[in-house]
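One file, final.csv, is given below (CSV, C-alpha atoms).
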chain,number,residue,atom,x,y,z
A,1,MET,CA,72.2,115.7,71.0
A,2,ALA,CA,73.6,117.8,73.8
A,3,ASN,CA,71.8,121.0,74.8
A,4,SER,CA,72.5,124.2,72.9
A,5,LYS,CA,74.6,125.7,75.7
A,6,ASP,CA,76.8,122.7,75.9
A,7,VAL,CA,77.2,122.6,72.1
A,8,SER,CA,78.2,126.2,72.0
A,9,ILE,CA,80.9,125.7,74.7
A,10,LEU,CA,82.3,122.6,73.0
A,11,ARG,CA,82.4,124.2,69.6
A,12,ASP,CA,84.3,127.2,70.9
A,13,LEU,CA,86.8,124.8,72.6
A,14,ALA,CA,87.1,122.7,69.4
A,15,LYS,CA,88.0,125.8,67.4
A,16,ARG,CA,90.8,126.7,69.9
A,17,TYR,CA,92.0,123.1,69.9
A,18,MET,CA,92.2,123.1,66.1
A,19,GLU,CA,94.0,126.5,66.1
A,20,LEU,CA,96.7,125.0,68.4
A,21,ALA,CA,96.8,121.7,66.4
A,22,ASN,CA,97.6,123.7,63.2
A,23,LEU,CA,100.4,125.7,64.6
A,24,PRO,CA,103.7,125.1,62.8
A,25,ILE,CA,105.4,124.2,66.1
A,26,MET,CA,103.2,121.0,66.3
A,27,ALA,CA,104.7,119.6,63.1
A,28,GLU,CA,108.2,120.4,64.4
A,29,ARG,CA,107.5,118.7,67.7
A,30,LYS,CA,106.1,115.7,65.9
A,31,ARG,CA,109.3,115.5,63.8
A,32,LEU,CA,111.5,115.7,66.9
A,33,TRP,CA,109.5,113.1,68.8
A,34,THR,CA,109.8,110.8,65.8
A,35,ALA,CA,113.5,111.3,65.7
A,36,LEU,CA,113.7,110.4,69.4
A,37,LYS,CA,111.7,107.2,69.1
A,38,ASP,CA,113.6,106.3,66.0
A,39,LEU,CA,116.7,106.4,68.1
A,40,ARG,CA,118.3,109.4,66.4
A,41,ALA,CA,117.3,112.1,68.9
A,42,GLU,CA,118.2,115.7,68.0
A,43,ARG,CA,117.6,117.0,71.5
A,44,PRO,CA,115.9,115.9,74.8
A,45,MET,CA,112.1,116.0,74.6
A,46,ILE,CA,110.0,117.3,77.5
A,47,LEU,CA,106.5,116.5,78.5
A,48,MET,CA,104.5,117.4,81.6
A,49,GLU,CA,101.5,115.3,82.5
A,50,VAL,CA,98.8,117.6,83.9
A,51,ASN,CA,95.7,115.5,83.9
A,52,ASN,CA,95.9,114.6,87.5
A,53,LEU,CA,96.1,118.3,88.5
A,54,TRP,CA,92.7,119.7,89.4
A,55,GLU,CA,94.6,123.0,89.8
A,56,VAL,CA,95.0,123.1,86.1
A,57,ILE,CA,91.2,122.7,85.4
A,58,SER,CA,89.0,122.5,88.5
A,59,SER,CA,85.5,121.0,88.3
A,60,ALA,CA,84.1,124.4,89.2
A,61,ALA,CA,85.6,125.8,86.0
A,62,LEU,CA,83.6,123.5,83.8
A,63,GLN,CA,80.6,125.1,82.1
A,64,CYS,CA,78.7,122.3,80.4
A,65,GLU,CA,75.7,120.9,82.1
A,66,GLU,CA,75.4,117.3,80.9
A,67,GLU,CA,77.8,114.9,82.6
A,68,ASP,CA,79.2,113.3,79.5
A,69,MET,CA,79.7,116.7,77.9
A,70,ARG,CA,81.5,117.9,81.1
A,71,SER,CA,83.9,115.0,80.7
A,72,LEU,CA,84.6,116.0,77.1
A,73,GLU,CA,84.9,119.6,78.1
A,74,LEU,CA,87.5,118.7,80.7
A,75,SER,CA,89.6,116.8,78.2
A,76,LEU,CA,89.6,119.6,75.8
A,77,ARG,CA,90.4,122.3,78.4
A,78,TRP,CA,93.2,120.2,79.8
A,79,SER,CA,94.9,119.9,76.4
A,80,ILE,CA,94.3,123.6,75.6
A,81,ARG,CA,95.6,124.9,78.9
A,82,GLN,CA,98.7,122.7,78.8
A,83,SER,CA,99.6,123.9,75.4
A,84,GLU,CA,98.9,127.5,76.2
A,85,GLU,CA,100.6,127.7,79.6
A,86,VAL,CA,103.2,125.0,80.0
A,87,GLY,CA,105.3,125.3,76.8
A,88,ASP,CA,106.5,121.7,76.8
A,89,ASP,CA,106.7,119.4,73.7
A,90,LYS,CA,103.1,118.3,73.9
A,91,VAL,CA,101.7,117.6,70.4
A,92,ILE,CA,98.0,118.4,69.7
A,93,GLU,CA,96.9,116.6,66.5
A,94,PRO,CA,94.1,118.0,64.3
A,95,VAL,CA,91.7,115.1,65.2
A,96,TRP,CA,89.7,114.0,68.2
A,97,LYS,CA,90.1,110.3,68.9
A,98,ILE,CA,87.6,108.1,70.6
A,99,GLY,CA,87.7,104.4,71.5
A,100,TRP,CA,85.4,101.4,71.1
A,101,HIS,CA,82.8,100.7,73.7
A,102,ILE,CA,84.1,97.4,75.1
A,103,ARG,CA,82.9,95.5,78.1
A,104,GLY,CA,84.4,92.4,79.8
A,105,THR,CA,83.4,90.0,82.4
A,106,ASP,CA,85.3,89.8,85.7
A,107,TYR,CA,87.7,87.2,86.8
A,108,GLY,CA,85.0,85.1,88.5
A,109,VAL,CA,85.7,86.9,91.7
A,110,PRO,CA,85.1,90.5,92.6
A,111,ILE,CA,88.0,93.0,93.1
A,112,GLU,CA,86.8,95.7,95.5
A,113,SER,CA,88.6,98.8,96.5
A,114,ARG,CA,88.0,101.1,99.5
A,115,HIS,CA,89.3,104.6,99.8
A,116,ALA,CA,91.2,105.5,103.0
A,117,GLN,CA,88.8,108.3,103.6
A,118,GLU,CA,86.2,110.2,101.7
A,119,ALA,CA,87.6,112.3,98.8
A,120,SER,CA,91.0,110.7,99.3
A,121,ILE,CA,93.0,109.4,96.3
A,122,ALA,CA,94.5,106.7,98.6
A,123,TYR,CA,92.7,103.3,98.5
A,124,ARG,CA,93.3,99.6,99.2
A,125,PHE,CA,92.0,96.5,97.5
A,126,ILE,CA,90.0,93.7,99.1
A,127,ASN,CA,91.9,90.8,97.6
A,128,PRO,CA,89.7,87.8,96.7
A,129,ILE,CA,92.5,85.2,96.4
A,130,CYS,CA,93.7,84.3,99.9
A,131,THR,CA,94.7,80.6,99.5
A,132,PRO,CA,95.8,78.4,96.6
A,133,ALA,CA,92.3,76.8,96.7
A,134,ASP,CA,90.8,80.2,95.8
A,135,ILE,CA,92.5,80.0,92.4
A,136,GLU,CA,89.7,77.5,91.4
A,137,LYS,CA,87.3,80.4,91.6
A,138,LEU,CA,88.9,82.2,88.7
A,139,LYS,CA,87.1,81.9,85.3
A,140,PRO,CA,88.2,82.8,81.8
A,141,ARG,CA,87.1,86.3,81.0
A,142,THR,CA,85.2,87.2,77.8
A,143,TRP,CA,84.7,90.6,76.1
A,144,SER,CA,82.2,92.2,73.8
A,145,VAL,CA,82.1,95.4,71.7
A,146,ASN,CA,79.0,97.5,71.3
A,147,ARG,CA,79.5,98.8,67.8
A,148,GLU,CA,76.1,100.4,67.7
A,149,ALA,CA,76.8,102.5,70.8
A,150,THR,CA,80.3,103.4,69.6
A,151,PHE,CA,79.0,104.7,66.2
A,152,ALA,CA,76.2,106.6,68.0
A,153,HIS,CA,78.8,108.3,70.2
A,154,LYS,CA,80.9,109.1,67.2
A,155,GLU,CA,77.9,110.6,65.4
A,156,LYS,CA,77.0,112.7,68.4
A,157,LEU,CA,80.4,114.2,68.6
A,158,GLU,CA,80.5,114.8,64.9
A,159,ASN,CA,77.1,116.6,65.1
A,160,ILE,CA,78.6,118.8,67.9
A,161,PHE,CA,81.9,119.8,66.4
A,162,GLY,CA,82.8,117.4,63.5
A,163,ASP,CA,82.9,120.2,61.0
A,164,ILE,CA,85.5,121.9,63.1
A,165,LEU,CA,87.4,119.1,64.7
A,166,PRO,CA,87.3,115.7,62.9
A,167,VAL,CA,86.3,112.7,65.1
A,168,LYS,CA,88.2,109.5,64.5
A,169,LEU,CA,87.3,106.1,65.9
A,170,HIS,CA,90.5,104.6,67.2
A,171,GLY,CA,90.9,101.4,69.1
A,172,SER,CA,94.3,101.1,70.9
A,173,ARG,CA,95.4,104.6,72.0
A,174,GLY,CA,97.0,103.0,75.0
A,175,MET,CA,97.8,99.2,75.0
A,176,ASN,CA,98.8,97.7,78.3
A,177,ALA,CA,100.0,94.1,78.9
A,178,CYS,CA,101.1,94.4,82.5
A,179,LEU,CA,100.4,91.4,84.7
A,180,THR,CA,101.7,92.2,88.2
A,181,SER,CA,99.1,94.9,88.7
A,182,PRO,CA,96.1,92.5,88.5
A,183,LEU,CA,98.2,90.0,90.4
A,184,PHE,CA,98.5,92.5,93.3
A,185,GLN,CA,94.8,93.3,93.1
A,186,LEU,CA,93.9,89.6,93.3
A,187,LEU,CA,96.5,88.3,95.7
A,188,SER,CA,97.9,91.2,97.9
A,189,MET,CA,101.5,92.2,98.2
A,190,GLU,CA,101.9,90.1,101.3
A,191,ASN,CA,100.8,86.9,99.6
A,192,MET,CA,102.8,87.7,96.5
A,193,MET,CA,105.9,87.6,98.7
A,194,LEU,CA,104.9,84.7,100.9
A,195,TRP,CA,103.7,82.4,98.1
A,196,MET,CA,107.1,82.8,96.4
A,197,PHE,CA,108.4,80.5,99.2
A,198,ASP,CA,105.4,78.8,100.7
A,199,GLU,CA,103.3,78.2,97.5
A,200,PRO,CA,105.6,78.6,94.4
A,201,ALA,CA,103.5,76.3,92.2
A,202,ALA,CA,100.3,78.3,93.1
A,203,LEU,CA,102.1,81.6,92.2
A,204,HIS,CA,103.2,80.2,88.9
A,205,ARG,CA,99.6,79.0,88.3
A,206,LEU,CA,98.2,82.4,89.0
A,207,MET,CA,100.7,84.1,86.7
A,208,SER,CA,99.9,81.6,83.9
A,209,TYR,CA,96.2,82.5,84.3
A,210,LEU,CA,96.9,86.2,84.1
A,211,ARG,CA,99.2,85.7,81.1
A,212,ASP,CA,96.6,83.7,79.2
A,213,ASP,CA,93.9,86.2,80.2
A,214,ARG,CA,95.8,89.2,78.8
A,215,ARG,CA,96.8,87.4,75.6
A,216,ALA,CA,93.2,86.3,75.1
A,217,TYR,CA,92.0,89.9,75.4
A,218,LEU,CA,94.7,91.2,73.1
A,219,HIS,CA,94.1,88.6,70.4
A,220,TRP,CA,90.4,89.1,70.7
A,221,MET,CA,91.0,92.8,70.0
A,222,GLU,CA,93.0,91.9,66.9
A,223,LYS,CA,90.5,89.4,65.6
A,224,GLU,CA,87.6,91.9,66.0
A,225,LYS,CA,89.7,94.5,64.2
A,226,LEU,CA,89.5,96.9,67.2
A,227,LEU,CA,93.2,97.9,67.2
A,228,GLY,CA,94.5,101.2,65.9
A,229,LEU,CA,98.0,102.4,65.2
A,230,ASN,CA,99.6,104.2,68.1
A,231,ASN,CA,102.8,105.5,66.4
A,232,ASP,CA,101.6,109.1,67.0
A,233,SER,CA,100.7,111.2,70.0
A,234,ALA,CA,99.0,108.2,71.6
A,235,GLU,CA,100.6,106.9,74.7
A,236,ALA,CA,103.2,104.2,74.0
A,237,GLY,CA,103.6,103.7,77.8
A,238,SER,CA,103.9,105.6,81.1
A,239,GLY,CA,103.0,108.9,79.6
A,240,SER,CA,105.4,108.7,76.7
A,241,PRO,CA,104.0,109.3,73.1
A,242,GLY,CA,104.5,106.7,70.4
A,243,PHE,CA,105.8,108.7,67.4
A,244,THR,CA,108.0,106.5,65.3
A,245,THR,CA,108.5,105.3,61.7
A,246,ALA,CA,109.4,101.8,63.0
A,247,LEU,CA,105.7,101.0,63.1
A,248,PRO,CA,103.6,99.7,61.5
A,249,ALA,CA,105.2,96.5,60.2
A,250,PRO,CA,106.3,96.5,56.6
A,251,ASP,CA,103.4,94.3,55.5
A,252,TYR,CA,100.7,96.6,57.1
A,253,ASN,CA,97.6,96.6,54.9
A,254,GLY,CA,95.4,99.2,56.7
A,255,THR,CA,94.1,97.0,59.5
A,256,ALA,CA,96.2,97.2,62.6
A,257,ARG,CA,97.6,94.0,64.2
A,258,LEU,CA,99.5,93.5,67.4
A,259,LYS,CA,102.8,93.6,65.5
A,260,ASP,CA,101.9,97.0,64.2
A,261,ILE,CA,101.7,98.8,67.5
A,262,TRP,CA,103.3,99.6,70.9
A,263,VAL,CA,102.5,97.9,74.1
A,264,TRP,CA,103.3,99.1,77.7
A,265,MET,CA,104.8,96.5,80.0
A,266,ASP,CA,105.9,97.2,83.6
A,267,SER,CA,106.2,95.4,86.9
A,268,GLN,CA,106.4,98.1,89.7
A,269,GLU,CA,104.7,95.7,92.1
A,270,THR,CA,107.8,93.5,92.1
A,271,VAL,CA,110.3,96.1,93.3
A,272,ALA,CA,111.0,94.3,96.5
A,273,PHE,CA,111.7,91.0,94.8
A,274,ALA,CA,115.3,90.0,94.2
A,275,PRO,CA,116.2,89.9,90.5
A,276,LYS,CA,116.5,86.1,90.5
A,277,HIS,CA,113.0,85.8,91.9
A,278,PHE,CA,111.7,88.3,89.5
A,279,VAL,CA,113.2,86.3,86.6
A,280,GLU,CA,111.8,83.0,88.0
A,281,PHE,CA,108.2,84.0,88.9
A,282,PHE,CA,107.3,87.0,86.7
A,283,LEU,CA,109.5,87.8,83.7
A,284,PRO,CA,108.7,84.7,81.6
A,285,TYR,CA,105.0,85.4,81.7
A,286,MET,CA,105.5,89.1,81.0
A,287,ALA,CA,107.6,88.2,77.9
A,288,GLU,CA,104.8,85.9,76.7
A,289,ALA,CA,102.2,88.6,77.1
A,290,SER,CA,104.2,91.2,75.1
A,291,LYS,CA,105.8,89.0,72.5
A,292,ASP,CA,103.4,89.7,69.6
A,293,PHE,CA,103.8,93.4,69.7
A,294,GLY,CA,106.0,95.5,67.4
A,295,LEU,CA,107.6,97.6,70.1
A,296,VAL,CA,107.5,97.7,73.9
A,297,TYR,CA,107.7,100.6,76.3
A,298,TYR,CA,109.1,99.1,79.6
A,299,GLY,CA,108.6,100.2,83.1
A,300,CYS,CA,106.9,102.9,85.2
A,301,CYS,CA,108.0,103.7,88.8
A,302,GLU,CA,110.3,100.7,89.4
A,303,PRO,CA,114.1,100.6,89.2
A,304,VAL,CA,115.3,98.4,86.5
A,305,HIS,CA,119.1,98.7,86.7
A,306,ASP,CA,119.5,95.4,88.6
A,307,ARG,CA,117.5,93.3,86.2
A,308,TRP,CA,117.9,95.0,82.9
A,309,GLU,CA,120.0,92.4,81.2
A,310,ALA,CA,117.4,89.7,81.9
A,311,ILE,CA,114.5,91.9,80.8
A,312,ILE,CA,116.0,92.9,77.5
A,313,LYS,CA,117.0,89.3,76.8
A,314,ALA,CA,113.4,88.1,77.4
A,315,ILE,CA,111.7,91.1,75.7
A,316,PRO,CA,113.9,92.1,72.8
A,317,GLN,CA,111.3,94.5,71.2
A,318,ILE,CA,111.8,97.1,74.0
A,319,ARG,CA,112.5,100.5,72.5
A,320,ALA,CA,112.0,102.8,75.5
A,321,VAL,CA,112.7,102.4,79.2
A,322,SER,CA,111.2,104.3,82.1
A,323,ILE,CA,114.0,105.6,84.3
A,324,SER,CA,112.4,106.3,87.7
A,325,PRO,CA,113.9,108.3,90.6
A,326,TRP,CA,114.9,105.0,92.1
A,327,CYS,CA,117.0,103.9,89.1
A,328,ASP,CA,120.8,104.0,89.1
A,329,MET,CA,120.9,106.6,86.3
A,330,PRO,CA,124.6,106.4,85.4
A,331,LYS,CA,124.4,102.7,85.1
A,332,MET,CA,121.3,102.8,83.0
A,333,GLY,CA,122.8,105.5,80.8
A,334,GLU,CA,125.8,103.2,80.1
A,335,MET,CA,123.6,100.1,79.4
A,336,LEU,CA,121.0,101.9,77.2
A,337,GLY,CA,123.3,104.1,75.1
A,338,LYS,CA,121.9,105.0,71.7
A,339,ASN,CA,120.0,101.7,71.4
A,340,TYR,CA,117.0,102.7,73.5
A,341,VAL,CA,115.1,105.7,74.7
A,342,PHE,CA,116.1,106.9,78.2
A,343,SER,CA,112.6,107.9,79.5
A,344,ARG,CA,113.4,109.9,82.6
A,345,LYS,CA,110.7,110.4,85.3
A,346,PRO,CA,111.7,113.4,87.5
A,347,MET,CA,111.0,113.4,91.2
A,348,PRO,CA,107.5,114.9,91.6
A,349,SER,CA,107.9,115.7,95.3
A,350,TYR,CA,110.5,118.4,94.5
A,351,ILE,CA,108.0,120.5,92.6
A,352,SER,CA,104.9,119.7,94.6
A,353,GLY,CA,103.3,121.4,97.6
A,354,ALA,CA,103.6,124.9,98.9
A,355,ASN,CA,107.4,125.2,98.6
A,356,PRO,CA,109.0,123.6,95.6
A,357,ASP,CA,112.8,123.0,96.0
A,358,TRP,CA,114.3,124.5,92.8
A,359,GLY,CA,117.8,123.5,94.0
A,360,LEU,CA,116.9,119.8,94.0
A,361,LEU,CA,114.9,120.2,90.8
A,362,ARG,CA,117.9,121.7,89.0
A,363,LYS,CA,120.2,119.0,90.5
A,364,ASP,CA,117.8,116.3,89.4
A,365,VAL,CA,117.8,117.6,85.8
A,366,GLN,CA,121.6,118.0,85.8
A,367,ASP,CA,122.1,114.5,87.1
A,368,THR,CA,119.9,113.2,84.3
A,369,LEU,CA,121.7,115.1,81.6
A,370,ASN,CA,125.0,113.8,82.9
A,371,ALA,CA,123.9,110.2,83.1
A,372,ALA,CA,122.1,110.3,79.7
A,373,LYS,CA,124.6,112.4,77.8
A,374,ASN,CA,125.0,109.6,75.2
A,375,CYS,CA,121.4,108.6,75.1
A,376,ASN,CA,118.1,109.3,73.4
A,377,LEU,CA,116.6,111.3,76.3
A,378,GLU,CA,113.0,112.3,77.1
A,379,PHE,CA,111.7,113.9,80.3
A,380,ILE,CA,108.2,112.7,81.2
A,381,PHE,CA,107.1,114.5,84.3
A,382,ARG,CA,104.3,112.4,85.9
A,383,ASP,CA,102.5,111.9,89.2
A,384,LEU,CA,101.8,115.6,89.8
A,385,TYR,CA,98.9,116.2,92.2
A,386,ASP,CA,99.5,119.4,94.1
A,387,LEU,CA,101.1,122.6,92.9
A,388,GLY,CA,100.3,124.6,96.0
A,389,GLY,CA,98.0,126.7,93.8
A,390,ASP,CA,100.8,127.9,91.5
A,391,ARG,CA,100.5,126.6,88.0
A,392,THR,CA,103.3,128.9,86.8
A,393,ARG,CA,105.9,126.5,88.2
A,394,LEU,CA,105.2,124.0,85.4
A,395,LYS,CA,106.4,126.5,82.7
A,396,LYS,CA,109.3,127.6,84.9
A,397,TRP,CA,110.5,124.0,85.2
A,398,VAL,CA,110.3,123.5,81.4
A,399,GLU,CA,112.2,126.7,80.7
A,400,MET,CA,114.8,125.7,83.3
A,401,VAL,CA,115.3,122.3,81.6
A,402,ARG,CA,115.6,123.9,78.2
A,403,GLY,CA,118.1,126.4,79.5
A,404,MET,CA,120.3,123.5,80.9
A,405,MET,CA,120.4,121.4,77.7

Show me this structure written as structure tokens.
Amino acid sequence: MANSKDVSILRDLAKRYMELANLPIMAERKRLWTALKDLRAERPMILMEVNNLWEVISSAALQCEEEDMRSLELSLRWSIRQSEEVGDDKVIEPVWKIGWHIRGTDYGVPIESRHAQEASIAYRFINPICTPADIEKLKPRTWSVNREATFAHKEKLENIFGDILPVKLHGSRGMNACLTSPLFQLLSMENMMLWMFDEPAALHRLMSYLRDDRRAYLHWMEKEKLLGLNNDSAEAGSGSPGFTTALPAPDYNGTARLKDIWVWMDSQETVAFAPKHFVEFFLPYMAEASKDFGLVYYGCCEPVHDRWEAIIKAIPQIRAVSISPWCDMPKMGEMLGKNYVFSRKPMPSYISGANPDWGLLRKDVQDTLNAAKNCNLEFIFRDLYDLGGDRTRLKKWVEMVRGMM
């Protein structure tokens, strides 16, 4: 049990969290998000992602003493402050979700990272696969779940604030089947590009390994009954919530399966690859990794307009598509229409730093509204790290967008 000071702080936060969760606006936002993801949007939805912004809640603002309680405090304060200050369409649900305690073995080789400098968010990987012969070092990964520790953690939170804020054990709040991110970590960008010409068989072999590894993990989760529905405020992919009536599958019997949930698939590491090379070396493996899921959220920071037709043919369960600042928005608007969610990612640099450019921010929004005028549109503002000490610009941007709709 946490100390009495920490308990008091967390109980007060849980009370405020529940007050916000029970506001009528939360039910209305849930209805609107569901309409969007059901492809019958009533209006564009707006979500700011603030949990990379230490300006929103600094470590100095935390009051709990125990480290795990400080982490919990931070999560509560982030949600509360976003709801109170930003005014976007964030939904707070009247439950606190926790995940299973899962551990996995490594790939048989270590993947180390080194920060560019102390306290920097920039880092690089020390890639362990340097030659095709190094692929022999890779081993099938295995996973285990510590149910005892999971239930103990759940009980601890229930003893702290369970009478105020119910605690729910939930397995798959964010499911990810991306393959090119671990490929980049294992191989390096340079070798990814060189092997496409110098060692194509080895690149295919490595992609086969990563596909089999990811599918093994996902099916292990299903077999162990560790999955949970994510057709609610849980992230479907790239910051976007999963509200929809399209999930779970019609034969759902209370135990979530892969076909009952969303998965996130992206390939931002292959931006520099020509569409034909993307289709040859990466897309087939990505399609296999995501084929068992009910719905797919596709993309992150990569442009998709030059390869969309191949992607949707290979992964027909796609429901939402990330439209990054590097996408041809008018072209994507025409191709997506009402059949998918146009998940727009505004340019974060325009609002960041000491001097935000409101002219460019307004133009970015107007260009989006023009391109997606016949689409199911959501704005998911991500990758915000520096507001120049001015949190009020978040609400100002939300109000600007609402005024332009």

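Here CA of Asn355 in chain A stands at a distance of 24.4 Å from CA of Leu369 in chain A.
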
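For the pair CA of Asn230 in chain A and CA of Lys338 in chain A, the interatomic distance is 22.6 Å.
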
Distance table requested - range 298-395 of chain A against range 49-67 of chain A, cut-off 7 Å, all atoms listed in the file: one row per qualifying residue with the closest atom pair and its distance in Å to one decimal, ordered by chain and rising residue number, as JSON lines.
{"residue": "A:Phe381", "atom": "CA", "partner": "A:Glu49", "partner_atom": "CA", "distance": 5.9}
{"residue": "A:Arg382", "atom": "CA", "partner": "A:Glu49", "partner_atom": "CA", "distance": 5.3}
{"residue": "A:Leu384", "atom": "CA", "partner": "A:Asn52", "partner_atom": "CA", "distance": 6.4}
{"residue": "A:Tyr385", "atom": "CA", "partner": "A:Leu53", "partner_atom": "CA", "distance": 5.1}
{"residue": "A:Asp386", "atom": "CA", "partner": "A:Leu53", "partner_atom": "CA", "distance": 6.6}
{"residue": "A:Gly389", "atom": "CA", "partner": "A:Glu55", "partner_atom": "CA", "distance": 6.4}
{"residue": "A:Arg391", "atom": "CA", "partner": "A:Val56", "partner_atom": "CA", "distance": 6.8}

I need the chosen residues saved as an mmCIF file, keeping the file's coordinate frame, with C-alpha atoms.
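Result file follows (selection.cif):
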data_model
loop_
_atom_site.group_PDB
_atom_site.id
_atom_site.type_symbol
_atom_site.label_atom_id
_atom_site.label_comp_id
_atom_site.auth_asym_id
_atom_site.auth_seq_id
_atom_site.Cartn_x
_atom_site.Cartn_y
_atom_site.Cartn_z
ATOM 1 C CA PHE A 381 107.100 114.500 84.300
ATOM 2 C CA ARG A 382 104.300 112.400 85.900
ATOM 3 C CA LEU A 384 101.800 115.600 89.800
ATOM 4 C CA TYR A 385 98.900 116.200 92.200
ATOM 5 C CA ASP A 386 99.500 119.400 94.100
ATOM 6 C CA GLY A 389 98.000 126.700 93.800
ATOM 7 C CA ARG A 391 100.500 126.600 88.000
#

Given only C-alpha atoms, how would the per-residue table for range 226-283 of chain A near range 181-202 of chain A read, listing every residue at most 9 Å away with its closest atom pair and distance in Å to one decimal, sorted by chain and number, as a Markdown table?
| residue | atom | partner | partner_atom | distance |
| --- | --- | --- | --- | --- |
| A:Asp266 | CA | A:Ser181 | CA | 8.8 |
| A:Ser267 | CA | A:Ser181 | CA | 7.3 |
| A:Gln268 | CA | A:Ser181 | CA | 8.0 |
| A:Glu269 | CA | A:Ser181 | CA | 6.6 |
| A:Thr270 | CA | A:Met192 | CA | 8.8 |
| A:Ala272 | CA | A:Met193 | CA | 8.7 |
| A:Phe273 | CA | A:Met193 | CA | 7.8 |
| A:His277 | CA | A:Met196 | CA | 8.0 |
| A:Phe281 | CA | A:Met196 | CA | 7.7 |

Would you save the residues from that selection as a PDB file, keeping the file's coordinate frame, using C-alpha atoms?
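Output file selection_34.pdb follows:
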ATOM      1  CA  ASP A 266     105.900  97.200  83.600  1.00  0.00           C
ATOM      2  CA  SER A 267     106.200  95.400  86.900  1.00  0.00           C
ATOM      3  CA  GLN A 268     106.400  98.100  89.700  1.00  0.00           C
ATOM      4  CA  GLU A 269     104.700  95.700  92.100  1.00  0.00           C
ATOM      5  CA  THR A 270     107.800  93.500  92.100  1.00  0.00           C
ATOM      6  CA  ALA A 272     111.000  94.300  96.500  1.00  0.00           C
ATOM      7  CA  PHE A 273     111.700  91.000  94.800  1.00  0.00           C
ATOM      8  CA  HIS A 277     113.000  85.800  91.900  1.00  0.00           C
ATOM      9  CA  PHE A 281     108.200  84.000  88.900  1.00  0.00           C
TER      10      PHE A 281
END

Distance criterion (only C-alpha atoms): nearest to Ala310 in chain A out of A:Lys30, A:Met18, A:Met175, A:Leu283
A:Leu283
